[in-house]
file protein_20.pdb (PDB, C-alpha atoms and all ligand atoms)
ATOM      1  CA  MET W 258      12.244  -7.354 -25.846  1.00  0.00           C
ATOM      2  CA  ALA W 259      12.814  -9.418 -22.726  1.00  0.00           C
ATOM      3  CA  ILE W 260      13.080  -7.950 -19.280  1.00  0.00           C
ATOM      4  CA  SER W 261      16.645  -7.857 -17.953  1.00  0.00           C
ATOM      5  CA  LYS W 262      17.674  -9.868 -14.907  1.00  0.00           C
ATOM      6  CA  THR W 263      18.221  -6.617 -12.993  1.00  0.00           C
ATOM      7  CA  MET W 264      14.739  -5.384 -13.863  1.00  0.00           C
ATOM      8  CA  SER W 265      13.125  -8.734 -13.087  1.00  0.00           C
ATOM      9  CA  ASP W 266      14.887  -8.874  -9.686  1.00  0.00           C
ATOM     10  CA  ALA W 267      13.794  -5.326  -8.904  1.00  0.00           C
ATOM     11  CA  LEU W 268      10.179  -6.115  -9.832  1.00  0.00           C
ATOM     12  CA  ASN W 269      10.364  -9.188  -7.615  1.00  0.00           C
ATOM     13  CA  LYS W 270      11.549  -6.991  -4.778  1.00  0.00           C
ATOM     14  CA  GLN W 271       8.561  -4.714  -5.392  1.00  0.00           C
ATOM     15  CA  PHE W 272       6.237  -7.740  -5.479  1.00  0.00           C
ATOM     16  CA  ASN W 273       7.379  -8.556  -1.973  1.00  0.00           C
ATOM     17  CA  GLU W 274       7.140  -4.907  -0.867  1.00  0.00           C
ATOM     18  CA  GLU W 275       3.482  -4.923  -1.892  1.00  0.00           C
ATOM     19  CA  LEU W 276       2.849  -8.117   0.090  1.00  0.00           C
ATOM     20  CA  SER W 277       4.698  -6.662   3.045  1.00  0.00           C
ATOM     21  CA  SER W 278       2.491  -3.530   2.754  1.00  0.00           C
ATOM     22  CA  ALA W 279      -0.568  -5.807   2.953  1.00  0.00           C
ATOM     23  CA  TYR W 280       0.926  -7.449   6.051  1.00  0.00           C
ATOM     24  CA  LEU W 281       1.496  -4.072   7.719  1.00  0.00           C
ATOM     25  CA  TYR W 282      -2.054  -2.931   6.984  1.00  0.00           C
ATOM     26  CA  GLU W 283      -3.551  -6.189   8.264  1.00  0.00           C
ATOM     27  CA  SER W 284      -1.609  -5.597  11.476  1.00  0.00           C
ATOM     28  CA  MET W 285      -3.049  -2.086  11.697  1.00  0.00           C
ATOM     29  CA  ALA W 286      -6.522  -3.552  11.126  1.00  0.00           C
ATOM     30  CA  ALA W 287      -5.935  -6.032  13.969  1.00  0.00           C
ATOM     31  CA  ASP W 288      -4.963  -3.161  16.258  1.00  0.00           C
ATOM     32  CA  PHE W 289      -8.116  -1.239  15.284  1.00  0.00           C
ATOM     33  CA  TYR W 290     -10.311  -4.320  15.886  1.00  0.00           C
ATOM     34  CA  ALA W 291      -8.679  -4.778  19.301  1.00  0.00           C
ATOM     35  CA  LYS W 292      -9.596  -1.184  20.151  1.00  0.00           C
ATOM     36  CA  ASN W 293     -13.205  -1.490  18.941  1.00  0.00           C
ATOM     37  CA  LEU W 294     -12.583   0.829  16.016  1.00  0.00           C
ATOM     38  CA  SER W 295     -14.145  -1.581  13.566  1.00  0.00           C
ATOM     39  CA  GLY W 296     -14.708   1.076  10.882  1.00  0.00           C
ATOM     40  CA  PHE W 297     -10.993   1.840  10.712  1.00  0.00           C
ATOM     41  CA  ALA W 298     -10.338  -1.902  10.783  1.00  0.00           C
ATOM     42  CA  VAL W 299     -12.585  -2.405   7.728  1.00  0.00           C
ATOM     43  CA  TRP W 300     -10.834   0.500   5.992  1.00  0.00           C
ATOM     44  CA  MET W 301      -7.392  -0.984   6.686  1.00  0.00           C
ATOM     45  CA  THR W 302      -8.480  -4.453   5.591  1.00  0.00           C
ATOM     46  CA  ALA W 303      -9.626  -2.975   2.258  1.00  0.00           C
ATOM     47  CA  GLN W 304      -6.250  -1.218   2.030  1.00  0.00           C
ATOM     48  CA  ALA W 305      -4.469  -4.531   2.595  1.00  0.00           C
ATOM     49  CA  SER W 306      -6.560  -6.205  -0.148  1.00  0.00           C
ATOM     50  CA  GLU W 307      -5.536  -3.491  -2.582  1.00  0.00           C
ATOM     51  CA  GLU W 308      -1.876  -4.165  -1.795  1.00  0.00           C
ATOM     52  CA  ARG W 309      -2.364  -7.838  -2.655  1.00  0.00           C
ATOM     53  CA  ILE W 310      -3.924  -6.750  -5.973  1.00  0.00           C
ATOM     54  CA  HIS W 311      -0.800  -4.617  -6.598  1.00  0.00           C
ATOM     55  CA  ALA W 312       1.352  -7.699  -5.960  1.00  0.00           C
ATOM     56  CA  GLN W 313      -0.827  -9.703  -8.364  1.00  0.00           C
ATOM     57  CA  LYS W 314      -0.387  -7.086 -11.083  1.00  0.00           C
ATOM     58  CA  ILE W 315       3.392  -7.468 -10.820  1.00  0.00           C
ATOM     59  CA  HIS W 316       3.036 -11.238 -10.724  1.00  0.00           C
ATOM     60  CA  GLN W 317       1.009 -11.212 -13.963  1.00  0.00           C
ATOM     61  CA  PHE W 318       3.375  -8.782 -15.667  1.00  0.00           C
ATOM     62  CA  LEU W 319       6.387 -10.958 -14.888  1.00  0.00           C
ATOM     63  CA  ASP W 320       4.551 -14.133 -15.942  1.00  0.00           C
ATOM     64  CA  GLY W 321       3.479 -12.468 -19.171  1.00  0.00           C
ATOM     65  CA  ASN W 322       7.108 -11.666 -19.893  1.00  0.00           C
ATOM     66  CA  GLY W 323       8.497 -15.132 -19.338  1.00  0.00           C
ATOM     67  CA  GLU W 324       9.687 -14.364 -15.827  1.00  0.00           C
ATOM     68  CA  ARG W 325       8.379 -15.485 -12.443  1.00  0.00           C
ATOM     69  CA  VAL W 326       7.949 -14.238  -8.905  1.00  0.00           C
ATOM     70  CA  PHE W 327       9.731 -15.484  -5.815  1.00  0.00           C
ATOM     71  CA  TYR W 328       8.284 -15.169  -2.334  1.00  0.00           C
ATOM     72  CA  ALA W 329      10.681 -13.610   0.170  1.00  0.00           C
ATOM     73  CA  ALA W 330      10.459 -13.441   3.958  1.00  0.00           C
ATOM     74  CA  ILE W 331       8.248 -10.711   5.339  1.00  0.00           C
ATOM     75  CA  SER W 332       9.405  -9.098   8.550  1.00  0.00           C
ATOM     76  CA  GLU W 333       7.125  -8.879  11.571  1.00  0.00           C
ATOM     77  CA  PRO W 334       5.076  -5.704  11.414  1.00  0.00           C
ATOM     78  CA  GLN W 335       4.519  -3.325  14.298  1.00  0.00           C
ATOM     79  CA  ALA W 336       1.518  -4.576  16.301  1.00  0.00           C
ATOM     80  CA  GLU W 337       0.259  -1.503  18.071  1.00  0.00           C
ATOM     81  CA  TRP W 338      -0.088   2.215  17.463  1.00  0.00           C
ATOM     82  CA  LYS W 339      -0.771   4.684  20.249  1.00  0.00           C
ATOM     83  CA  THR W 340      -3.607   6.524  18.503  1.00  0.00           C
ATOM     84  CA  PRO W 341      -5.505   6.163  15.205  1.00  0.00           C
ATOM     85  CA  VAL W 342      -3.728   9.215  13.820  1.00  0.00           C
ATOM     86  CA  ASP W 343      -0.352   7.624  14.656  1.00  0.00           C
ATOM     87  CA  ALA W 344      -1.359   4.536  12.664  1.00  0.00           C
ATOM     88  CA  ILE W 345      -2.535   6.491   9.619  1.00  0.00           C
ATOM     89  CA  LYS W 346       0.592   8.677   9.761  1.00  0.00           C
ATOM     90  CA  ALA W 347       2.664   5.494   9.722  1.00  0.00           C
ATOM     91  CA  ALA W 348       0.606   4.290   6.745  1.00  0.00           C
ATOM     92  CA  LEU W 349       1.281   7.565   4.913  1.00  0.00           C
ATOM     93  CA  GLY W 350       4.998   7.291   5.694  1.00  0.00           C
ATOM     94  CA  HIS W 351       4.959   3.771   4.295  1.00  0.00           C
ATOM     95  CA  GLU W 352       3.139   4.882   1.133  1.00  0.00           C
ATOM     96  CA  LYS W 353       5.763   7.607   0.605  1.00  0.00           C
ATOM     97  CA  PHE W 354       8.438   4.930   0.839  1.00  0.00           C
ATOM     98  CA  ILE W 355       6.537   2.807  -1.729  1.00  0.00           C
ATOM     99  CA  SER W 356       6.213   5.810  -4.064  1.00  0.00           C
ATOM    100  CA  LYS W 357       9.978   6.210  -3.888  1.00  0.00           C
ATOM    101  CA  CYS W 358      10.442   2.499  -4.726  1.00  0.00           C
ATOM    102  CA  ILE W 359       8.144   2.871  -7.757  1.00  0.00           C
ATOM    103  CA  HIS W 360       9.980   5.989  -8.948  1.00  0.00           C
ATOM    104  CA  ASP W 361      13.304   4.152  -8.622  1.00  0.00           C
ATOM    105  CA  LEU W 362      11.870   1.335 -10.737  1.00  0.00           C
ATOM    106  CA  VAL W 363      10.773   3.827 -13.410  1.00  0.00           C
ATOM    107  CA  ARG W 364      14.301   5.287 -13.438  1.00  0.00           C
ATOM    108  CA  MET W 365      15.730   1.793 -13.838  1.00  0.00           C
ATOM    109  CA  ALA W 366      13.344   0.997 -16.730  1.00  0.00           C
ATOM    110  CA  ARG W 367      14.329   4.252 -18.441  1.00  0.00           C
ATOM    111  CA  LYS W 368      18.007   3.544 -17.979  1.00  0.00           C
ATOM    112  CA  GLU W 369      17.513   0.149 -19.594  1.00  0.00           C
ATOM    113  CA  ASP W 370      15.323   1.596 -22.343  1.00  0.00           C
ATOM    114  CA  ASP W 371      12.678  -0.932 -21.221  1.00  0.00           C
ATOM    115  CA  ILE W 372       9.589   0.837 -22.586  1.00  0.00           C
ATOM    116  CA  ALA W 373       7.187  -2.009 -21.730  1.00  0.00           C
ATOM    117  CA  THR W 374       8.151  -2.010 -18.048  1.00  0.00           C
ATOM    118  CA  GLU W 375       8.138   1.780 -17.881  1.00  0.00           C
ATOM    119  CA  SER W 376       4.616   1.807 -19.306  1.00  0.00           C
ATOM    120  CA  PHE W 377       3.487  -0.922 -16.895  1.00  0.00           C
ATOM    121  CA  LEU W 378       4.818   1.113 -13.960  1.00  0.00           C
ATOM    122  CA  GLY W 379       2.819   4.162 -15.040  1.00  0.00           C
ATOM    123  CA  TRP W 380      -0.285   2.706 -13.383  1.00  0.00           C
ATOM    124  CA  PHE W 381       1.594   2.430 -10.088  1.00  0.00           C
ATOM    125  CA  VAL W 382       2.877   6.005 -10.322  1.00  0.00           C
ATOM    126  CA  THR W 383      -0.718   7.280 -10.558  1.00  0.00           C
ATOM    127  CA  GLU W 384      -1.944   4.853  -7.896  1.00  0.00           C
ATOM    128  CA  GLN W 385       0.680   6.127  -5.434  1.00  0.00           C
ATOM    129  CA  ILE W 386      -0.556   9.706  -5.813  1.00  0.00           C
ATOM    130  CA  GLU W 387      -4.016   8.465  -4.844  1.00  0.00           C
ATOM    131  CA  GLU W 388      -2.675   6.369  -1.952  1.00  0.00           C
ATOM    132  CA  GLU W 389      -0.857   9.352  -0.449  1.00  0.00           C
ATOM    133  CA  THR W 390      -3.834  11.681  -0.965  1.00  0.00           C
ATOM    134  CA  THR W 391      -6.262   9.237   0.679  1.00  0.00           C
ATOM    135  CA  ALA W 392      -4.022   8.714   3.721  1.00  0.00           C
ATOM    136  CA  GLN W 393      -3.421  12.452   4.078  1.00  0.00           C
ATOM    137  CA  ALA W 394      -7.184  13.151   3.884  1.00  0.00           C
ATOM    138  CA  LEU W 395      -7.814  10.694   6.699  1.00  0.00           C
ATOM    139  CA  ILE W 396      -5.062  12.281   8.817  1.00  0.00           C
ATOM    140  CA  ASP W 397      -6.654  15.705   8.246  1.00  0.00           C
ATOM    141  CA  LYS W 398     -10.038  14.395   9.437  1.00  0.00           C
ATOM    142  CA  LEU W 399      -8.514  12.715  12.492  1.00  0.00           C
ATOM    143  CA  GLU W 400      -6.695  15.912  13.387  1.00  0.00           C
ATOM    144  CA  MET W 401      -9.936  17.854  12.975  1.00  0.00           C
ATOM    145  CA  VAL W 402     -11.621  15.463  15.417  1.00  0.00           C
ATOM    146  CA  GLY W 403      -8.717  15.673  17.880  1.00  0.00           C
ATOM    147  CA  ASP W 404      -9.643  14.359  21.333  1.00  0.00           C
ATOM    148  CA  ASN W 405     -13.384  14.453  20.678  1.00  0.00           C
ATOM    149  CA  ARG W 406     -14.563  10.886  21.260  1.00  0.00           C
ATOM    150  CA  MET W 407     -17.932  11.493  19.628  1.00  0.00           C
ATOM    151  CA  GLY W 408     -16.105  12.754  16.536  1.00  0.00           C
ATOM    152  CA  LEU W 409     -13.941   9.646  16.479  1.00  0.00           C
ATOM    153  CA  TYR W 410     -17.059   7.487  16.809  1.00  0.00           C
ATOM    154  CA  GLN W 411     -18.638   9.260  13.826  1.00  0.00           C
ATOM    155  CA  LEU W 412     -15.472   9.059  11.738  1.00  0.00           C
ATOM    156  CA  ASP W 413     -15.158   5.346  12.500  1.00  0.00           C
ATOM    157  CA  LYS W 414     -18.680   4.903  11.117  1.00  0.00           C
ATOM    158  CA  GLU W 415     -17.852   6.972   8.049  1.00  0.00           C
ATOM    159  CA  VAL W 416     -14.713   5.036   7.100  1.00  0.00           C
ATOM    160  CA  SER W 417     -16.480   1.692   7.608  1.00  0.00           C
ATOM    161  CA  THR W 418     -18.258   2.225   4.276  1.00  0.00           C
ATOM    162  CA  ARG W 419     -15.042   1.905   2.292  1.00  0.00           C
ATOM    163  CA  VAL W 420     -15.047  -0.977  -0.128  1.00  0.00           C
ATOM    164  CA  GLU W 421     -12.138  -2.342  -2.053  1.00  0.00           C
ATOM    165  CA  ASN W 422     -12.049  -1.000  -5.597  1.00  0.00           C
ATOM    166  CA  ASN W 423     -11.472  -3.486  -8.345  1.00  0.00           C
ATOM    167  CA  GLY W 424      -8.660  -1.625 -10.009  1.00  0.00           C
ATOM    168  CA  GLY W 425      -6.680  -1.956  -6.768  1.00  0.00           C
TER     169      GLY W 425
HETATM  170 FE    FE O 501       0.750  -0.854  -3.297  1.00  0.00          FE
HETATM  171 FE    FE O 502      -0.398   1.273  -1.053  1.00  0.00          FE
END
call {"tool": "encode", "arguments": {"input": "protein_20.pdb", "output": "C-alpha cells", "more": "lines below"}}
Ligand SMILES: [Fe+2]
Ligand SMILES: [Fe+2]
result
Amino acid sequence: MAISKTMSDALNKQFNEELSSAYLYESMAADFYAKNLSGFAVWMTAQASEERIHAQKIHQFLDGNGERVFYAAISEPQAEWKTPVDAIKAALGHEKFISKCIHDLVRMARKEDDIATESFLGWFVTEQIEEETTAQALIDKLEMVGDNRMGLYQLDKEVSTRVENNGG
C-alpha cells in the first residue's frame, strides 16, 4: 500500500525537523567550544550526528516507498546559552517537542490505517524516550555540580567520551 500524500508531506516535515535539530545542536556545540567546554561540545556534536541519521532514516523510508524528500529552509538557531544547564534544558525542551511530533505522526498513520508507516515510526518512539532520558540525566548531573567549577571541569571530561552510536 502506498503512502498517502498527507503522510508523505508529514514525514517530509519531520525530515526537516530532524535536520533542524542537528542545526540547533551544532549551534550549542559551537557555544560550548567558544566557552572552552570541549567535552560538552563533543557530546553535542555527537547528538547532532544522530539527528542527521534520524533524517536519513526518514529519507530511506520515503525512497523505499516511491516517495522523495524535499529540503526546506532551516531557521537560524539560538547562538548562545547563559550556562551549560540552560543549553541542556533547551535541548530537553526541544526533544519533548520532537517526541510530540513523532506521536502526532503515529496518530496520523493509525488514522490512515498505514501499518507500514506506523511500524517504521516505532523506532522513533523508543528513540525519543532515550533522548529525553539522556538529556534529563545530564541536567541532573549539572544541577548536582551547581556552581562548583571543579565539578564542571570533571563533568566536561566525562561527557567528552561520548561517541555517536550507529543506530542513531
Ligand atoms: Fe531525532
Ligand atoms: Fe533527538
call {"tool": "residues_around", "arguments": {"input": "protein_20.pdb", "residues": "Ala305 in chain W", "least_positions_apart": "4", "cutoff": "10 Å", "atoms": "all atoms listed in the file", "output": "PDB file with C-alpha atoms, in the frame of the given file"}}
result
ATOM      1  CA  GLU W 275       3.482  -4.923  -1.892  1.00  0.00           C
ATOM      2  CA  LEU W 276       2.849  -8.117   0.090  1.00  0.00           C
ATOM      3  CA  SER W 277       4.698  -6.662   3.045  1.00  0.00           C
ATOM      4  CA  SER W 278       2.491  -3.530   2.754  1.00  0.00           C
ATOM      5  CA  ALA W 279      -0.568  -5.807   2.953  1.00  0.00           C
ATOM      6  CA  TYR W 280       0.926  -7.449   6.051  1.00  0.00           C
ATOM      7  CA  LEU W 281       1.496  -4.072   7.719  1.00  0.00           C
ATOM      8  CA  TYR W 282      -2.054  -2.931   6.984  1.00  0.00           C
ATOM      9  CA  GLU W 283      -3.551  -6.189   8.264  1.00  0.00           C
ATOM     10  CA  SER W 284      -1.609  -5.597  11.476  1.00  0.00           C
ATOM     11  CA  MET W 285      -3.049  -2.086  11.697  1.00  0.00           C
ATOM     12  CA  ALA W 286      -6.522  -3.552  11.126  1.00  0.00           C
ATOM     13  CA  VAL W 299     -12.585  -2.405   7.728  1.00  0.00           C
ATOM     14  CA  TRP W 300     -10.834   0.500   5.992  1.00  0.00           C
ATOM     15  CA  MET W 301      -7.392  -0.984   6.686  1.00  0.00           C
ATOM     16  CA  ARG W 309      -2.364  -7.838  -2.655  1.00  0.00           C
ATOM     17  CA  ILE W 310      -3.924  -6.750  -5.973  1.00  0.00           C
ATOM     18  CA  HIS W 311      -0.800  -4.617  -6.598  1.00  0.00           C
ATOM     19  CA  GLU W 421     -12.138  -2.342  -2.053  1.00  0.00           C
ATOM     20  CA  GLY W 425      -6.680  -1.956  -6.768  1.00  0.00           C
TER      21      GLY W 425
END
call {"tool": "residues_near_ligand", "arguments": {"input": "protein_20.pdb", "ligand": "ligand FE 501 (chain O)", "cutoff": "12 Å", "atoms": "only C-alpha atoms and all ligand atoms", "output": "VMD selection string"}}
result
chain W and resid 271 to 282 303 to 315 348 to 349 351 to 359 378 380 to 389 424 to 425
call {"tool": "resolve_selection", "arguments": {"input": "protein_20.pdb", "expression": "the PyMOL selection byres (((chain W and resi 366) around 10) and not hetatm)", "output": "ChimeraX atom specification"}}
result
/W:260-261,263-264,360-365,367-376,378
call {"tool": "closest_residue", "arguments": {"input": "protein_20.pdb", "among": "W:Tyr290, W:Leu409, W:Ala259, W:Ala330", "to": "Leu395 in chain W", "atoms": "all atoms listed in the file"}}
result
W:Leu409
call {"tool": "closest_residue", "arguments": {"input": "protein_20.pdb", "among": "W:Ile331, W:Leu294, W:Leu319, W:Ala392", "to": "ligand FE 502 (chain O)", "atoms": "only C-alpha atoms and all ligand atoms"}}
result
W:Ala392
call {"tool": "closest_residue", "arguments": {"input": "protein_20.pdb", "among": "W:Ala336, W:Val402, W:Ala347, W:Ala291", "to": "ligand FE 502 (chain O)", "atoms": "only C-alpha atoms and all ligand atoms"}}
result
W:Ala347
call {"tool": "axis_aligned_box", "arguments": {"input": "protein_20.pdb", "around": "range 315-323 of chain W", "padding_each_side": "5 Å", "output": "AutoDock Vina command-line options"}}
result
--center_x 4.8 --center_y -11.3 --center_z -15.3 --size_x 17.5 --size_y 17.7 --size_z 19.2
call {"tool": "closest_residue", "arguments": {"input": "protein_20.pdb", "among": "W:Thr302, W:Leu412, W:Asp404, W:Glu337", "to": "ligand FE 502 (chain O)", "atoms": "only C-alpha atoms and all ligand atoms"}}
result
W:Thr302
call {"tool": "closest_residue", "arguments": {"input": "protein_20.pdb", "among": "W:Lys270, W:Glu324, W:Pro341, W:Asp288", "to": "Tyr410 in chain W", "atoms": "all atoms listed in the file"}}
result
W:Pro341
call {"tool": "atom_distance", "arguments": {"input": "protein_20.pdb", "atom1": "CA of Lys398 in chain W", "atom2": "CA of Val420 in chain W"}}
result
18.8 Å
call {"tool": "atom_distance", "arguments": {"input": "protein_20.pdb", "atom1": "CA of Leu268 in chain W", "atom2": "CA of Ala287 in chain W"}}
result
28.7 Å
call {"tool": "closest_residue", "arguments": {"input": "protein_20.pdb", "among": "W:Asn405, W:Gln335, W:Asn269, W:Thr340", "to": "Gln317 in chain W", "atoms": "only C-alpha atoms"}}
result
W:Asn269
call {"tool": "decode", "arguments": {"input": "protein_20.pdb", "residues": "range 407-422 of chain W", "atoms": "N, CA and C atoms", "output": "compact mmCIF listing (two decimals), in the first residue's frame"}}
result
# COMPACT_ATOMS: atom_id res chain seq x y z
N MET W 407 35.24 23.08 39.61
CA MET W 407 36.00 21.82 39.52
C MET W 407 35.06 20.70 39.05
N GLY W 408 33.84 20.71 39.59
CA GLY W 408 32.84 19.71 39.20
C GLY W 408 32.51 19.83 37.73
N LEU W 409 32.38 21.06 37.26
CA LEU W 409 32.06 21.29 35.85
C LEU W 409 33.21 20.80 34.96
N TYR W 410 34.42 21.05 35.42
CA TYR W 410 35.63 20.60 34.71
C TYR W 410 35.63 19.07 34.58
N GLN W 411 35.32 18.41 35.67
CA GLN W 411 35.26 16.93 35.68
C GLN W 411 34.16 16.40 34.77
N LEU W 412 32.99 17.04 34.87
CA LEU W 412 31.84 16.60 34.06
C LEU W 412 32.13 16.81 32.57
N ASP W 413 32.80 17.90 32.25
CA ASP W 413 33.17 18.17 30.86
C ASP W 413 34.06 17.04 30.32
N LYS W 414 34.97 16.58 31.18
CA LYS W 414 35.85 15.46 30.80
C LYS W 414 35.03 14.19 30.60
N GLU W 415 34.10 13.97 31.51
CA GLU W 415 33.28 12.75 31.46
C GLU W 415 32.45 12.69 30.18
N VAL W 416 31.79 13.79 29.83
CA VAL W 416 30.91 13.76 28.65
C VAL W 416 31.70 13.74 27.34
N SER W 417 32.98 14.06 27.40
CA SER W 417 33.80 14.08 26.18
C SER W 417 34.00 12.68 25.60
N THR W 418 33.70 11.65 26.41
CA THR W 418 33.92 10.28 25.95
C THR W 418 32.75 9.75 25.12
N ARG W 419 31.68 10.55 25.02
CA ARG W 419 30.54 10.08 24.25
C ARG W 419 30.89 9.91 22.78
N VAL W 420 30.52 8.77 22.24
CA VAL W 420 30.67 8.58 20.80
C VAL W 420 29.30 8.32 20.20
N GLU W 421 29.18 8.69 18.97
CA GLU W 421 27.94 8.51 18.23
C GLU W 421 27.64 7.02 18.15
N ASN W 422 26.39 6.62 18.43
CA ASN W 422 26.09 5.21 18.24
C ASN W 422 25.45 4.97 16.88
